[in-house]
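protein.pdb follows (PDB, C-alpha atoms):
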```pdb
ATOM      1  CA  MET A 977      88.582  43.600  49.219
ATOM      2  CA  TRP A 978      88.424  46.325  46.563
ATOM      3  CA  ARG A 979      88.863  48.945  49.270
ATOM      4  CA  GLY A 980      91.951  47.169  50.626
ATOM      5  CA  LEU A 981      93.490  47.013  47.167
ATOM      6  CA  GLN A 982      92.768  50.712  46.701
ATOM      7  CA  VAL A 983      94.506  51.562  49.972
ATOM      8  CA  LEU A 984      97.508  49.426  49.059
ATOM      9  CA  LEU A 985      97.800  51.028  45.630
ATOM     10  CA  THR A 986      97.556  54.531  47.110
ATOM     11  CA  LEU A 987     100.188  53.748  49.729
ATOM     12  CA  ALA A 988     102.514  52.326  47.073
ATOM     13  CA  ALA A 989     102.040  55.410  44.889
ATOM     14  CA  CYS A 990     102.757  57.716  47.833
ATOM     15  CA  ALA A 991     105.832  55.711  48.817
ATOM     16  CA  SER A 992     107.209  55.959  45.291
ATOM     17  CA  LEU A 993     106.436  59.675  45.224
ATOM     18  CA  THR A 994     108.364  60.050  48.483
ATOM     19  CA  GLY A 995     111.255  58.120  46.971
ATOM     20  CA  VAL A 996     111.356  60.345  43.891
ATOM     21  CA  LEU A 997     111.220  63.474  46.074
ATOM     22  CA  ALA A 998     114.021  62.176  48.302
ATOM     23  CA  ALA A 999     116.165  61.461  45.248
ATOM     24  CA  ALA A1000     115.480  64.977  43.992
ATOM     25  CA  VAL A1001     116.459  66.478  47.362
ATOM     26  CA  LEU A1002     119.655  64.442  47.472
ATOM     27  CA  SER A1003     120.635  65.419  43.934
ATOM     28  CA  ALA A1004     119.848  69.082  44.673
ATOM     29  CA  ALA A1005     122.009  68.864  47.787
ATOM     30  CA  GLY A1006     124.880  67.451  45.770
ATOM     31  CA  SER A1007     124.868  70.133  43.103
ATOM     32  CA  PRO A1008     126.441  73.585  43.600
ATOM     33  CA  PRO A1009     124.138  76.406  44.736
ATOM     34  CA  PRO A1010     122.314  77.849  41.715
ATOM     35  CA  SER A1011     122.387  81.451  42.898
ATOM     36  CA  LYS A1012     124.398  83.869  44.970
ATOM     37  CA  LEU A1013     121.377  85.192  46.867
ATOM     38  CA  ALA A1014     122.937  84.806  50.311
ATOM     39  CA  GLU A1015     126.082  86.692  49.280
ATOM     40  CA  GLN A1016     124.070  89.452  47.609
ATOM     41  CA  LEU A1017     121.963  89.767  50.725
ATOM     42  CA  ALA A1018     124.982  89.951  53.018
ATOM     43  CA  ALA A1019     126.521  92.601  50.759
ATOM     44  CA  SER A1020     123.481  94.887  50.781
ATOM     45  CA  LEU A1021     122.351  94.278  54.351
ATOM     46  CA  GLY A1022     123.794  97.624  55.422
ATOM     47  CA  ARG A1023     121.337  99.495  53.200
ATOM     48  CA  SER A1024     118.267  97.694  54.499
ATOM     49  CA  GLY A1025     117.780  99.610  57.742
ATOM     50  CA  VAL A1026     117.760  96.489  59.937
ATOM     51  CA  GLU A1027     120.494  94.095  61.010
ATOM     52  CA  ASN A1028     118.599  90.825  61.000
ATOM     53  CA  PRO A1029     118.807  89.373  57.463
ATOM     54  CA  VAL A1030     115.435  87.593  57.719
ATOM     55  CA  THR A1031     113.683  90.834  58.677
ATOM     56  CA  ALA A1032     115.560  92.622  55.910
ATOM     57  CA  VAL A1033     114.285  90.112  53.356
ATOM     58  CA  LEU A1034     110.735  90.206  54.733
ATOM     59  CA  LEU A1035     110.278  93.944  55.007
ATOM     60  CA  ASN A1036     112.739  95.434  52.573
ATOM     61  CA  PHE A1037     114.049  93.246  49.758
ATOM     62  CA  ARG A1038     110.965  91.071  49.360
ATOM     63  CA  SER A1039     108.359  93.279  50.991
ATOM     64  CA  TYR A1040     106.020  92.553  48.085
ATOM     65  CA  ASP A1041     105.553  89.053  49.539
ATOM     66  CA  THR A1042     104.777  90.450  52.952
ATOM     67  CA  LEU A1043     102.314  92.984  51.569
ATOM     68  CA  LEU A1044     100.436  90.282  49.662
ATOM     69  CA  GLU A1045     100.618  88.003  52.683
ATOM     70  CA  ILE A1046      98.925  90.478  54.985
ATOM     71  CA  GLY A1047      96.363  90.989  52.203
ATOM     72  CA  VAL A1048      95.659  87.241  52.185
ATOM     73  CA  LEU A1049      95.307  87.313  55.960
ATOM     74  CA  VAL A1050      92.820  90.176  55.828
ATOM     75  CA  ILE A1051      90.732  88.345  53.220
ATOM     76  CA  ALA A1052      90.792  85.143  55.297
ATOM     77  CA  ALA A1053      89.721  87.019  58.413
ATOM     78  CA  MET A1054      86.878  88.750  56.574
ATOM     79  CA  ALA A1055      85.644  85.453  55.156
ATOM     80  CA  GLY A1056      85.875  83.824  58.580
ATOM     81  CA  ILE A1057      84.000  86.610  60.334
ATOM     82  CA  SER A1058      81.285  86.735  57.719
ATOM     83  CA  LEU A1059      80.645  83.034  58.322
ATOM     84  CA  ALA A1060      80.218  83.446  62.052
ATOM     85  CA  ARG A1061      76.601  83.167  63.058
ATOM     86  CA  THR A1062      76.827  84.881  66.401
ATOM     87  CA  ARG A1063      76.206  88.613  66.432
ATOM     88  CA  SER A1064      78.700  89.132  69.198
ATOM     89  CA  LEU A1065      81.952  87.364  68.548
ATOM     90  CA  GLU A1066      82.494  87.092  72.253
ATOM     91  CA  ASP A1067      80.196  84.480  73.766
ATOM     92  CA  PRO A1068      78.966  85.391  77.260
ATOM     93  CA  GLU A1069      78.266  81.722  77.980
ATOM     94  CA  LEU A1070      81.939  80.943  77.741
ATOM     95  CA  ARG A1071      82.847  83.276  80.581
ATOM     96  CA  SER A1072      84.086  81.353  83.561
ATOM     97  CA  ALA A1073      84.002  82.436  87.168
ATOM     98  CA  ASP A1074      87.056  80.429  88.173
ATOM     99  CA  THR A1075      89.060  82.693  90.481
ATOM    100  CA  LEU A1076      92.247  80.658  90.155
ATOM    101  CA  LEU A1077      92.106  80.907  86.379
ATOM    102  CA  HIS A1078      91.525  84.634  86.576
ATOM    103  CA  ALA A1079      94.431  85.095  88.970
ATOM    104  CA  LEU A1080      96.681  83.108  86.645
ATOM    105  CA  LEU A1081      95.563  85.099  83.627
ATOM    106  CA  ARG A1082      96.285  88.336  85.441
ATOM    107  CA  TRP A1083      99.898  87.202  85.638
ATOM    108  CA  PHE A1084     100.124  85.701  82.203
ATOM    109  CA  ILE A1085      98.584  88.404  80.065
ATOM    110  CA  PRO A1086     100.994  91.251  80.954
ATOM    111  CA  LEU A1087     103.923  88.869  80.604
ATOM    112  CA  MET A1088     102.766  87.737  77.179
ATOM    113  CA  LEU A1089     102.192  91.299  76.049
ATOM    114  CA  LEU A1090     105.710  92.117  77.211
ATOM    115  CA  LEU A1091     107.048  89.115  75.311
ATOM    116  CA  ALA A1092     105.236  90.249  72.174
ATOM    117  CA  ALA A1093     106.747  93.720  72.495
ATOM    118  CA  TYR A1094     110.210  92.236  73.013
ATOM    119  CA  LEU A1095     109.872  89.961  69.971
ATOM    120  CA  LEU A1096     108.774  92.916  67.888
ATOM    121  CA  TRP A1097     111.746  95.002  68.962
ATOM    122  CA  ALA A1098     114.199  92.120  68.671
ATOM    123  CA  GLY A1099     113.261  91.642  65.001
ATOM    124  CA  GLY A1100     115.630  94.477  64.108
ATOM    125  CA  ASP A1101     118.843  92.638  64.898
ATOM    126  CA  ARG A1102     118.068  89.023  65.891
ATOM    127  CA  PRO A1103     115.376  86.403  65.299
ATOM    128  CA  GLY A1104     111.983  87.914  65.991
ATOM    129  CA  GLY A1105     109.694  90.294  64.225
ATOM    130  CA  ALA A1106     106.121  91.150  63.418
ATOM    131  CA  PHE A1107     104.867  87.624  62.779
ATOM    132  CA  GLN A1108     106.204  86.085  65.935
ATOM    133  CA  ALA A1109     104.980  89.035  67.982
ATOM    134  CA  GLY A1110     101.596  88.874  66.268
ATOM    135  CA  ALA A1111     101.332  85.164  67.028
ATOM    136  CA  VAL A1112     102.069  85.802  70.716
ATOM    137  CA  LEU A1113      99.508  88.606  70.708
ATOM    138  CA  ALA A1114      96.909  86.287  69.189
ATOM    139  CA  ALA A1115      97.783  83.597  71.736
ATOM    140  CA  THR A1116      97.165  86.138  74.501
ATOM    141  CA  GLY A1117      93.747  86.812  73.017
ATOM    142  CA  VAL A1118      92.996  83.093  72.740
ATOM    143  CA  LEU A1119      93.975  82.642  76.380
ATOM    144  CA  MET A1120      91.697  85.522  77.358
ATOM    145  CA  ARG A1121      88.895  83.974  75.363
ATOM    146  CA  LEU A1122      89.383  80.515  76.879
ATOM    147  CA  GLY A1123      89.707  81.994  80.350
ATOM    148  CA  GLY A1124      86.458  83.823  79.819
ATOM    149  CA  LEU A1125      87.677  87.393  80.160
ATOM    150  CA  PRO A1126      85.416  89.910  78.443
ATOM    151  CA  MET A1127      86.816  91.060  75.104
ATOM    152  CA  ASP A1128      84.683  93.862  73.833
ATOM    153  CA  PHE A1129      87.098  94.808  71.097
ATOM    154  CA  VAL A1130      86.420  91.707  68.985
ATOM    155  CA  ARG A1131      82.782  92.634  68.545
ATOM    156  CA  PRO A1132      82.110  93.123  64.841
ATOM    157  CA  GLY A1133      82.280  96.841  64.536
ATOM    158  CA  LEU A1134      84.439  99.739  63.640
ATOM    159  CA  LEU A1135      87.231  98.863  66.043
ATOM    160  CA  LEU A1136      87.600  95.284  64.802
ATOM    161  CA  ARG A1137      87.531  96.332  61.140
ATOM    162  CA  LEU A1138      90.050  99.044  61.800
ATOM    163  CA  GLY A1139      92.333  96.576  63.583
ATOM    164  CA  LEU A1140      92.046  94.049  60.768
ATOM    165  CA  VAL A1141      92.973  96.391  57.941
ATOM    166  CA  LEU A1142      95.379  98.668  59.825
ATOM    167  CA  GLY A1143      98.539  96.728  58.937
ATOM    168  CA  PHE A1144      97.630  96.278  55.285
ATOM    169  CA  ALA A1145      96.504  99.894  54.927
ATOM    170  CA  VAL A1146      99.628 101.399  56.490
ATOM    171  CA  PHE A1147     101.890  99.093  54.490
ATOM    172  CA  LEU A1148     100.130 100.016  51.241
ATOM    173  CA  LEU A1149     100.197 103.684  52.148
ATOM    174  CA  VAL A1150     103.954 103.589  52.720
ATOM    175  CA  ALA A1151     104.437 101.720  49.440
ATOM    176  CA  ILE A1152     102.352 104.212  47.448
ATOM    177  CA  ALA A1153     103.912 107.202  49.188
ATOM    178  CA  GLY A1154     107.343 105.858  48.283
ATOM    179  CA  ALA A1155     106.263 105.446  44.684
ATOM    180  CA  MET A1156     104.867 108.988  44.559
ATOM    181  CA  ALA A1157     108.055 110.392  46.042
ATOM    182  CA  GLY A1158     109.931 109.094  43.038
ATOM    183  CA  GLU A1159     111.192 105.749  44.334
ATOM    184  CA  ALA A1160     110.036 102.389  43.061
ATOM    185  CA  PHE A1161     106.815 100.901  44.451
ATOM    186  CA  LEU A1162     107.593  99.560  47.955
ATOM    187  CA  ALA A1163     111.067 101.107  48.006
ATOM    188  CA  TYR A1164     111.744 103.240  51.062
ATOM    189  CA  PRO A1165     113.310 106.685  50.636
ATOM    190  CA  PRO A1166     117.003 106.562  51.597
ATOM    191  CA  GLY A1167     117.691 107.053  55.272
ATOM    192  CA  THR A1168     114.149 106.352  56.432
ATOM    193  CA  ALA A1169     114.140 102.579  55.971
ATOM    194  CA  GLY A1170     114.755 101.708  59.624
ATOM    195  CA  GLY A1171     111.997 103.889  61.026
ATOM    196  CA  LEU A1172     109.496 102.946  58.354
ATOM    197  CA  ILE A1173     110.171  99.242  58.847
ATOM    198  CA  LEU A1174     109.645  99.594  62.589
ATOM    199  CA  ALA A1175     106.381 101.490  62.080
ATOM    200  CA  ILE A1176     105.133  98.908  59.575
ATOM    201  CA  GLU A1177     106.111  96.103  61.919
ATOM    202  CA  VAL A1178     104.168  97.646  64.815
ATOM    203  CA  VAL A1179     100.932  97.918  62.827
ATOM    204  CA  LEU A1180     101.532  94.515  61.228
ATOM    205  CA  THR A1181     101.854  92.958  64.683
ATOM    206  CA  LEU A1182      98.568  94.483  65.809
ATOM    207  CA  SER A1183      96.784  93.390  62.642
ATOM    208  CA  ILE A1184      98.184  89.861  62.599
ATOM    209  CA  GLY A1185      97.244  89.332  66.226
ATOM    210  CA  MET A1186      93.768  90.693  65.573
ATOM    211  CA  ILE A1187      93.288  88.583  62.421
ATOM    212  CA  LEU A1188      94.351  85.312  64.033
ATOM    213  CA  LEU A1189      92.217  86.042  67.090
ATOM    214  CA  ALA A1190      89.228  86.964  64.922
ATOM    215  CA  LEU A1191      89.579  83.715  62.990
ATOM    216  CA  PHE A1192      89.766  81.805  66.271
ATOM    217  CA  VAL A1193      86.661  83.342  67.774
ATOM    218  CA  ALA A1194      84.790  83.270  64.455
ATOM    219  CA  ALA A1195      84.471  79.476  64.482
ATOM    220  CA  PRO A1196      80.745  79.215  65.229
ATOM    221  CA  VAL A1197      79.922  77.696  68.564
ATOM    222  CA  ILE A1198      77.458  74.839  68.263
ATOM    223  CA  ASN A1199      74.435  75.907  70.233
ATOM    224  CA  GLU A1200      72.550  72.996  71.760
ATOM    225  CA  HIS A1201      69.333  74.931  72.286
ATOM    226  CA  GLU A1202      68.954  75.904  68.672
ATOM    227  CA  PRO A1203      67.996  73.425  65.971
ATOM    228  CA  GLU A1204      70.765  73.059  63.417
ATOM    229  CA  GLU A1205      70.179  74.601  60.049
ATOM    230  CA  GLY A1206      69.530  72.274  57.155
ATOM    231  CA  THR A1207      68.690  69.178  59.198
ATOM    232  CA  GLY A1208      64.991  69.705  58.647
ATOM    233  CA  SER A1209      64.038  69.966  62.288
TER
ATOM    234  CA  MET B 542     125.152  63.660  55.561
ATOM    235  CA  SER B 543     124.635  66.847  57.519
ATOM    236  CA  PRO B 544     121.798  67.213  60.072
ATOM    237  CA  GLU B 545     120.113  69.788  57.854
ATOM    238  CA  LEU B 546     119.880  67.237  55.066
ATOM    239  CA  VAL B 547     118.180  64.899  57.527
ATOM    240  CA  TYR B 548     115.630  67.665  58.147
ATOM    241  CA  ALA B 549     115.021  67.979  54.413
ATOM    242  CA  LEU B 550     114.567  64.224  54.062
ATOM    243  CA  ALA B 551     112.207  64.215  57.066
ATOM    244  CA  GLY B 552     110.261  66.920  55.259
ATOM    245  CA  VAL B 553     110.048  64.638  52.212
ATOM    246  CA  GLY B 554     108.732  61.882  54.471
ATOM    247  CA  LEU B 555     106.136  64.247  55.938
ATOM    248  CA  CYS B 556     105.033  65.166  52.413
ATOM    249  CA  GLY B 557     104.549  61.496  51.577
ATOM    250  CA  ILE B 558     102.543  60.849  54.749
ATOM    251  CA  GLY B 559     100.470  63.955  54.088
ATOM    252  CA  VAL B 560      99.685  63.015  50.485
ATOM    253  CA  SER B 561      98.637  59.491  51.448
ATOM    254  CA  GLY B 562      96.513  60.817  54.314
ATOM    255  CA  PHE B 563      94.921  63.367  52.031
ATOM    256  CA  LEU B 564      94.007  60.637  49.539
ATOM    257  CA  LEU B 565      92.911  57.963  52.003
ATOM    258  CA  LEU B 566      91.028  59.809  54.732
ATOM    259  CA  SER B 567      87.583  61.221  54.242
ATOM    260  CA  HIS B 568      86.956  63.091  57.490
ATOM    261  CA  LEU B 569      87.414  66.757  56.622
ATOM    262  CA  LEU B 570      89.443  67.634  59.718
ATOM    263  CA  ARG B 571      91.826  64.754  59.055
ATOM    264  CA  ARG B 572      92.178  65.888  55.474
ATOM    265  CA  LEU B 573      93.005  69.365  56.731
ATOM    266  CA  LEU B 574      95.635  67.906  59.055
ATOM    267  CA  ALA B 575      97.099  65.878  56.194
ATOM    268  CA  PHE B 576      97.218  68.970  54.030
ATOM    269  CA  ASN B 577      99.033  70.817  56.785
ATOM    270  CA  LEU B 578     101.515  67.941  56.987
ATOM    271  CA  ILE B 579     102.304  68.440  53.295
ATOM    272  CA  GLY B 580     102.838  72.130  53.970
ATOM    273  CA  SER B 581     105.086  71.513  56.966
ATOM    274  CA  GLY B 582     107.102  69.008  54.966
ATOM    275  CA  THR B 583     107.588  71.576  52.218
ATOM    276  CA  PHE B 584     108.807  74.134  54.752
ATOM    277  CA  LEU B 585     111.256  71.610  56.204
ATOM    278  CA  VAL B 586     112.600  70.774  52.750
ATOM    279  CA  LEU B 587     113.024  74.465  51.903
ATOM    280  CA  VAL B 588     114.839  75.410  55.097
ATOM    281  CA  GLY B 589     116.827  72.195  55.477
ATOM    282  CA  LEU B 590     117.999  72.044  51.876
ATOM    283  CA  ALA B 591     118.962  75.720  51.831
ATOM    284  CA  GLN B 592     121.344  75.477  54.779
ATOM    285  CA  HIS B 593     122.799  72.006  54.405
ATOM    286  CA  ARG B 594     126.224  73.485  53.784
ATOM    287  CA  GLY B 595     126.191  74.941  57.264
ATOM    288  CA  VAL B 596     125.400  78.556  56.366
ATOM    289  CA  PRO B 597     121.799  79.567  57.077
ATOM    290  CA  ASP B 598     120.232  81.199  54.043
ATOM    291  CA  PRO B 599     117.887  84.026  55.116
ATOM    292  CA  VAL B 600     115.904  84.143  51.869
ATOM    293  CA  PRO B 601     114.217  80.717  52.161
ATOM    294  CA  GLN B 602     113.762  81.344  55.884
ATOM    295  CA  ALA B 603     111.830  84.530  55.166
ATOM    296  CA  LEU B 604     109.771  82.774  52.497
ATOM    297  CA  VAL B 605     108.976  79.947  54.912
ATOM    298  CA  LEU B 606     108.008  82.434  57.624
ATOM    299  CA  THR B 607     105.575  84.064  55.194
ATOM    300  CA  GLY B 608     104.313  80.627  54.228
ATOM    301  CA  ILE B 609     103.743  79.570  57.835
ATOM    302  CA  VAL B 610     101.629  82.624  58.580
ATOM    303  CA  VAL B 611      99.541  82.155  55.440
ATOM    304  CA  ALA B 612      99.171  78.447  56.260
ATOM    305  CA  ILE B 613      97.916  79.256  59.761
ATOM    306  CA  ALA B 614      95.348  81.708  58.417
ATOM    307  CA  ALA B 615      94.222  79.283  55.701
ATOM    308  CA  THR B 616      93.910  76.486  58.253
ATOM    309  CA  ALA B 617      91.845  78.666  60.554
ATOM    310  CA  LEU B 618      89.590  79.654  57.659
ATOM    311  CA  ALA B 619      89.255  75.991  56.685
ATOM    312  CA  VAL B 620      88.250  75.066  60.241
ATOM    313  CA  VAL B 621      85.606  77.802  60.220
ATOM    314  CA  LEU B 622      84.323  76.526  56.864
ATOM    315  CA  ILE B 623      84.294  72.905  58.070
ATOM    316  CA  ARG B 624      82.345  73.837  61.174
ATOM    317  CA  ARG B 625      79.888  75.783  59.071
ATOM    318  CA  TYR B 626      79.539  72.806  56.715
ATOM    319  CA  PHE B 627      78.923  70.510  59.667
ATOM    320  CA  HIS B 628      76.355  72.952  60.962
ATOM    321  CA  LEU B 629      74.480  72.998  57.665
ATOM    322  CA  THR B 630      74.632  69.328  56.694
ATOM    323  CA  GLY B 631      75.505  67.389  59.842
ATOM    324  CA  ARG B 632      78.202  65.538  57.893
ATOM    325  CA  THR B 633      81.938  65.405  58.481
ATOM    326  CA  SER B 634      82.972  64.359  54.990
ATOM    327  CA  LEU B 635      82.244  65.520  51.504
ATOM    328  CA  ALA B 636      79.113  64.376  49.699
ATOM    329  CA  GLU B 637      80.588  61.776  47.311
ATOM    330  CA  ASP B 638      81.432  59.446  50.164
ATOM    331  CA  GLY B 639      77.808  59.544  51.172
ATOM    332  CA  ASP B 640      78.039  57.697  54.455
ATOM    333  CA  GLY B 641      79.637  60.473  56.531
ATOM    334  CA  ARG B 642      82.176  58.009  57.913
ATOM    335  CA  SER B 643      84.348  59.524  60.595
TER
END
```

Written as structure tokens, how would this file's structure read?
Amino acid sequence: MWRGLQVLLTLAACASLTGVLAAAVLSAAGSPPPSKLAEQLAASLGRSGVENPVTAVLLNFRSYDTLLEIGVLVIAAMAGISLARTRSLEDPELRSADTLLHALLRWFIPLMLLLAAYLLWAGGDRPGGAFQAGAVLAATGVLMRLGGLPMDFVRPGLLLRLGLVLGFAVFLLVAIAGAMAGEAFLAYPPGTAGGLILAIEVVLTLSIGMILLALFVAAPVINEHEPEEGTGS
Amino acid sequence: MSPELVYALAGVGLCGIGVSGFLLLSHLLRRLLAFNLIGSGTFLVLVGLAQHRGVPDPVPQALVLTGIVVAIAATALAVVLIRRYFHLTGRTSLAEDGDGRS
């Protein structure tokens, strides 16, 4: 009885919250735009080194966000890996001997790698970019993991750590180098923006794919043979 | 009413569903899903509201792209933490609920 009343009250509160939010959205839609950000962006797009406005915002005008974002990702991946109980992040028990699956993966993996490379390159002048390419890269890794292909590179070791921090490190290095060369922090020297953005995007793609894959494989596998910790057995 | 405004309002609806799910459910994975619903609703509101006059605004789109990636990483970390918690305690909900109802 009390529980039912609680649920009803919560639902009513959430419904009224939704109503208030909807009213706010409608009133915001009716009012004139508060800023000229889109026009400013279109006006200075030529100086950004890329033609796709979203990529320009991500890696030039608001690259601070992207730098902090890849920092957050690195921290999340480190926390996830440190929680994994298995010494090897790649579980030999999960390897399958299904020939059909292996044949399918042999077709899929090169195609997905190609797609990731295309998305990365396309980010310069149309929708695409490091995050989409990194997500496809991570999906390739997840598929390899589920299909049971050996993945020695996700073993906790130098290679994995290097892959995790590569994007963040290169991004930070470029930012600091720009600052030391007399520009503002995270401002690219004139004329080099396009090349620097492409280089940063390549390492970002590698790191994002590695981080997402590491977080996926870090989820500890429940081992039936071992007693669970903390259950007193 | 333009289609983009419908997206924004759908995002508001998702936020409401997410908040109620977050308050009412006790299973940790469901709470995580509800939390992700709130996040997705916020992204929909941001993108939909910004381009309801027909011109896509790249600035909110870039912010939402950043947000999506951070949300994915946070969700993955939360799943790892939840599995670890389940490993250590054998429960699927937080301690106050006591009964471990799933």

Find the residues near Tyr548 in chain B: any atom within 12 Å, counting only C-alpha atoms, skip ones fewer than 2 places away on the same chain, and give them as a PDB file with C-alpha atoms, keeping the file's coordinate frame.
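Below you can see selection.pdb, which holds the result:
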```pdb
ATOM      1  CA  ALA A 998     114.021  62.176  48.302  1.00  0.00           C
ATOM      2  CA  VAL A1001     116.459  66.478  47.362  1.00  0.00           C
ATOM      3  CA  LEU A1002     119.655  64.442  47.472  1.00  0.00           C
TER       4      LEU A1002
ATOM      5  CA  MET B 542     125.152  63.660  55.561  1.00  0.00           C
ATOM      6  CA  SER B 543     124.635  66.847  57.519  1.00  0.00           C
ATOM      7  CA  PRO B 544     121.798  67.213  60.072  1.00  0.00           C
ATOM      8  CA  GLU B 545     120.113  69.788  57.854  1.00  0.00           C
ATOM      9  CA  LEU B 546     119.880  67.237  55.066  1.00  0.00           C
ATOM     10  CA  LEU B 550     114.567  64.224  54.062  1.00  0.00           C
ATOM     11  CA  ALA B 551     112.207  64.215  57.066  1.00  0.00           C
ATOM     12  CA  GLY B 552     110.261  66.920  55.259  1.00  0.00           C
ATOM     13  CA  VAL B 553     110.048  64.638  52.212  1.00  0.00           C
ATOM     14  CA  GLY B 554     108.732  61.882  54.471  1.00  0.00           C
ATOM     15  CA  LEU B 555     106.136  64.247  55.938  1.00  0.00           C
ATOM     16  CA  SER B 581     105.086  71.513  56.966  1.00  0.00           C
ATOM     17  CA  GLY B 582     107.102  69.008  54.966  1.00  0.00           C
ATOM     18  CA  THR B 583     107.588  71.576  52.218  1.00  0.00           C
ATOM     19  CA  PHE B 584     108.807  74.134  54.752  1.00  0.00           C
ATOM     20  CA  LEU B 585     111.256  71.610  56.204  1.00  0.00           C
ATOM     21  CA  VAL B 586     112.600  70.774  52.750  1.00  0.00           C
ATOM     22  CA  LEU B 587     113.024  74.465  51.903  1.00  0.00           C
ATOM     23  CA  VAL B 588     114.839  75.410  55.097  1.00  0.00           C
ATOM     24  CA  GLY B 589     116.827  72.195  55.477  1.00  0.00           C
ATOM     25  CA  LEU B 590     117.999  72.044  51.876  1.00  0.00           C
ATOM     26  CA  ALA B 591     118.962  75.720  51.831  1.00  0.00           C
ATOM     27  CA  GLN B 592     121.344  75.477  54.779  1.00  0.00           C
ATOM     28  CA  HIS B 593     122.799  72.006  54.405  1.00  0.00           C
TER      29      HIS B 593
END
```

Neighbours of chain B in chain A at 7 Å, counting only C-alpha atoms, as a PyMOL selection string: chain A and resi 983+986-987+990-991+993-994+997-998+1005+1014+1029-1030+1033-1034+1042+1045+1049+1052+1056+1188+1191-1192+1194-1196+1204-1207

Distance in Å - CA of Arg632 in chain B versus CA of Val1118 in chain A: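 Computing it gives 27.3 Å between the two atoms.
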
Counting only C-alpha atoms, the residue of A:Gly1022, A:Pro1086, A:Pro1166, A:Pro1009 that sits nearest Val1112 in chain A: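 Among the listed residues, the smallest separation from Val1112 in chain A belongs to A:Pro1086.
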
Resolved residues for the PyMOL selection byres ((chain B and resi 566-573) around 6) as a list in words: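 Output from the PyMOL selection byres ((chain B and resi 566-573) around 6), applied to this file: Gly562, Phe563, Leu565, Leu574, Ala575, Phe576, Thr633, Ser634 and Ser643 of chain B.
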
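Rounded to one decimal, CA of Thr1168 in chain A and CA of Phe1147 in chain A lie 14.4 Å from each other.
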